[in-house]
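Undergrad: My structure is below; once you've seen it, I'll send some questions.
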Amino acid sequence: MRFYNSKPWRTLSKQVLNENYYVCCVCGGDAALADHIVPIRVDWERRLDKNNIQPLCDSCHTIKTKKETKK
Ligand SMILES: [Zn+2]
């Protein structure tokens, strides 16, 4: 999605990762990316809401995405 290449998102996601010391909020491993807790296709208004962003590692992100697409 185009939004993920936007500057505001990249700045904010980096900030969230930094503030959480790049620790995955699910397993405590190395976070690789910032994830929307409520997906932006569900709530577009919260795309830049810091309270809606969490650091995740690759595997936790894959699991979360799978769960969401199953619904
Ligand atoms: Zn993890």
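Please note that chains go A, B, ... in the order of the structure tokens, that every chain numbers its residues from 1, and that ligands are numbered from 1 in the order shown.
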Neighbours of ligand 1 at 9 Å or closer, counting only C-alpha atoms and all ligand atoms: which residues, as an mmCIF file with C-alpha atoms, in the first residue's frame?
TA:
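Result file is pocket.cif:
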data_model
loop_
_atom_site.group_PDB
_atom_site.id
_atom_site.type_symbol
_atom_site.label_atom_id
_atom_site.label_comp_id
_atom_site.auth_asym_id
_atom_site.auth_seq_id
_atom_site.Cartn_x
_atom_site.Cartn_y
_atom_site.Cartn_z
ATOM 1 C CA VAL A 23 11.885 -5.148 21.107
ATOM 2 C CA CYS A 24 8.947 -7.147 19.773
ATOM 3 C CA CYS A 25 5.939 -6.430 21.992
ATOM 4 C CA VAL A 26 4.654 -10.002 21.655
ATOM 5 C CA CYS A 27 7.665 -12.278 22.130
ATOM 6 C CA GLY A 28 10.415 -9.903 23.274
ATOM 7 C CA GLY A 29 12.562 -10.717 20.260
ATOM 8 C CA ASP A 30 14.137 -8.295 17.807
ATOM 9 C CA ALA A 31 11.454 -6.098 16.310
ATOM 10 C CA ALA A 32 11.758 -5.681 12.581
ATOM 11 C CA PRO A 55 6.829 -3.034 17.358
ATOM 12 C CA LEU A 56 6.790 -6.605 16.054
ATOM 13 C CA CYS A 57 9.370 -9.099 14.859
ATOM 14 C CA ASP A 58 8.934 -10.791 11.518
ATOM 15 C CA SER A 59 7.420 -14.005 12.813
ATOM 16 C CA CYS A 60 4.916 -12.335 15.158
ATOM 17 C CA HIS A 61 3.896 -10.036 12.341
#
Undergrad: Running DSSP on the backbone, which parts of segment 30-59 of chain A land in helix (DSSP H, G or I), as a ChimeraX atom specification?
TA: /A:44-46,50-52,58-59
Undergrad: Looking at A:Thr65, A:Ser6, A:Gln15, A:Tyr21, which one is nearest to Ile37 of chain A, with distances taken over only C-alpha atoms?
TA: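 Distance minimum relative to Ile37 of chain A lands on A:Thr65.
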Undergrad: Excluding Asn51 of chain A and any residue of its chain fewer than 2 positions from it, enumerate the residues within 12 Å of it, using only C-alpha atoms, and give them as a PDB file with N, CA and C atoms, in the first residue's frame.
TA:
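Resulting contents of around_26.pdb:
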ATOM      1  N   LEU A  12       7.321   7.912  11.737  1.00  0.00           N
ATOM      2  CA  LEU A  12       6.621   7.474  12.943  1.00  0.00           C
ATOM      3  C   LEU A  12       6.962   6.035  13.307  1.00  0.00           C
ATOM      4  N   SER A  13       7.047   5.168  12.323  1.00  0.00           N
ATOM      5  CA  SER A  13       7.343   3.772  12.631  1.00  0.00           C
ATOM      6  C   SER A  13       8.749   3.622  13.204  1.00  0.00           C
ATOM      7  N   VAL A  16       8.593   4.748  16.830  1.00  0.00           N
ATOM      8  CA  VAL A  16       8.006   3.722  17.702  1.00  0.00           C
ATOM      9  C   VAL A  16       9.016   2.616  17.981  1.00  0.00           C
ATOM     10  N   ALA A  34       7.159  -1.825  12.495  1.00  0.00           N
ATOM     11  CA  ALA A  34       6.069  -1.271  13.289  1.00  0.00           C
ATOM     12  C   ALA A  34       4.766  -1.725  12.666  1.00  0.00           C
ATOM     13  N   ASP A  35       3.853  -2.146  13.519  1.00  0.00           N
ATOM     14  CA  ASP A  35       2.611  -2.739  13.046  1.00  0.00           C
ATOM     15  C   ASP A  35       1.419  -1.959  13.588  1.00  0.00           C
ATOM     16  N   HIS A  36       0.363  -1.839  12.777  1.00  0.00           N
ATOM     17  CA  HIS A  36      -0.869  -1.225  13.257  1.00  0.00           C
ATOM     18  C   HIS A  36      -1.648  -2.259  14.061  1.00  0.00           C
ATOM     19  N   ILE A  37      -1.965  -1.925  15.302  1.00  0.00           N
ATOM     20  CA  ILE A  37      -2.731  -2.832  16.152  1.00  0.00           C
ATOM     21  C   ILE A  37      -4.108  -3.042  15.523  1.00  0.00           C
ATOM     22  N   VAL A  38      -4.794  -1.949  15.251  1.00  0.00           N
ATOM     23  CA  VAL A  38      -6.003  -2.010  14.429  1.00  0.00           C
ATOM     24  C   VAL A  38      -5.559  -1.720  12.997  1.00  0.00           C
ATOM     25  N   ARG A  46      -6.723   5.974  12.113  1.00  0.00           N
ATOM     26  CA  ARG A  46      -5.700   5.740  13.139  1.00  0.00           C
ATOM     27  C   ARG A  46      -4.343   5.360  12.557  1.00  0.00           C
ATOM     28  N   ARG A  47      -4.176   5.635  11.282  1.00  0.00           N
ATOM     29  CA  ARG A  47      -2.924   5.229  10.634  1.00  0.00           C
ATOM     30  C   ARG A  47      -1.693   5.912  11.216  1.00  0.00           C
ATOM     31  N   LEU A  48      -1.866   7.139  11.751  1.00  0.00           N
ATOM     32  CA  LEU A  48      -0.720   7.824  12.345  1.00  0.00           C
ATOM     33  C   LEU A  48      -0.925   8.047  13.841  1.00  0.00           C
ATOM     34  N   ASP A  49      -1.750   7.220  14.439  1.00  0.00           N
ATOM     35  CA  ASP A  49      -1.983   7.272  15.878  1.00  0.00           C
ATOM     36  C   ASP A  49      -0.958   6.362  16.562  1.00  0.00           C
ATOM     37  N   ILE A  53       0.161   1.760  17.208  1.00  0.00           N
ATOM     38  CA  ILE A  53       1.334   1.181  16.546  1.00  0.00           C
ATOM     39  C   ILE A  53       2.187   0.432  17.557  1.00  0.00           C
ATOM     40  N   GLN A  54       2.581  -0.772  17.201  1.00  0.00           N
ATOM     41  CA  GLN A  54       3.392  -1.577  18.097  1.00  0.00           C
ATOM     42  C   GLN A  54       4.570  -2.175  17.328  1.00  0.00           C
ATOM     43  N   PRO A  55       5.694  -2.393  18.021  1.00  0.00           N
ATOM     44  CA  PRO A  55       6.829  -3.034  17.358  1.00  0.00           C
ATOM     45  C   PRO A  55       6.646  -4.541  17.324  1.00  0.00           C
TER      46      PRO A  55
END
Undergrad: So the first atom is atom CA of Pro39 of chain A and the second is atom CA of Arg2 of chain A; what is the distance between them in Å, to one decimal place?
TA: 14.5 Å
Undergrad: What's the separation between atom CA of Lys14 of chain A and atom CA of Lys70 of chain A, in Å to one decimal place?
TA: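 Spanning atom CA of Lys14 of chain A to atom CA of Lys70 of chain A is a straight-line distance of 28.4 Å.
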Undergrad: Distance atom CA of Thr69 of chain A-atom CA of Glu45 of chain A, one decimal place?
TA: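 If I compute the distance from atom CA of Thr69 of chain A to atom CA of Glu45 of chain A, I get 20.2 Å.
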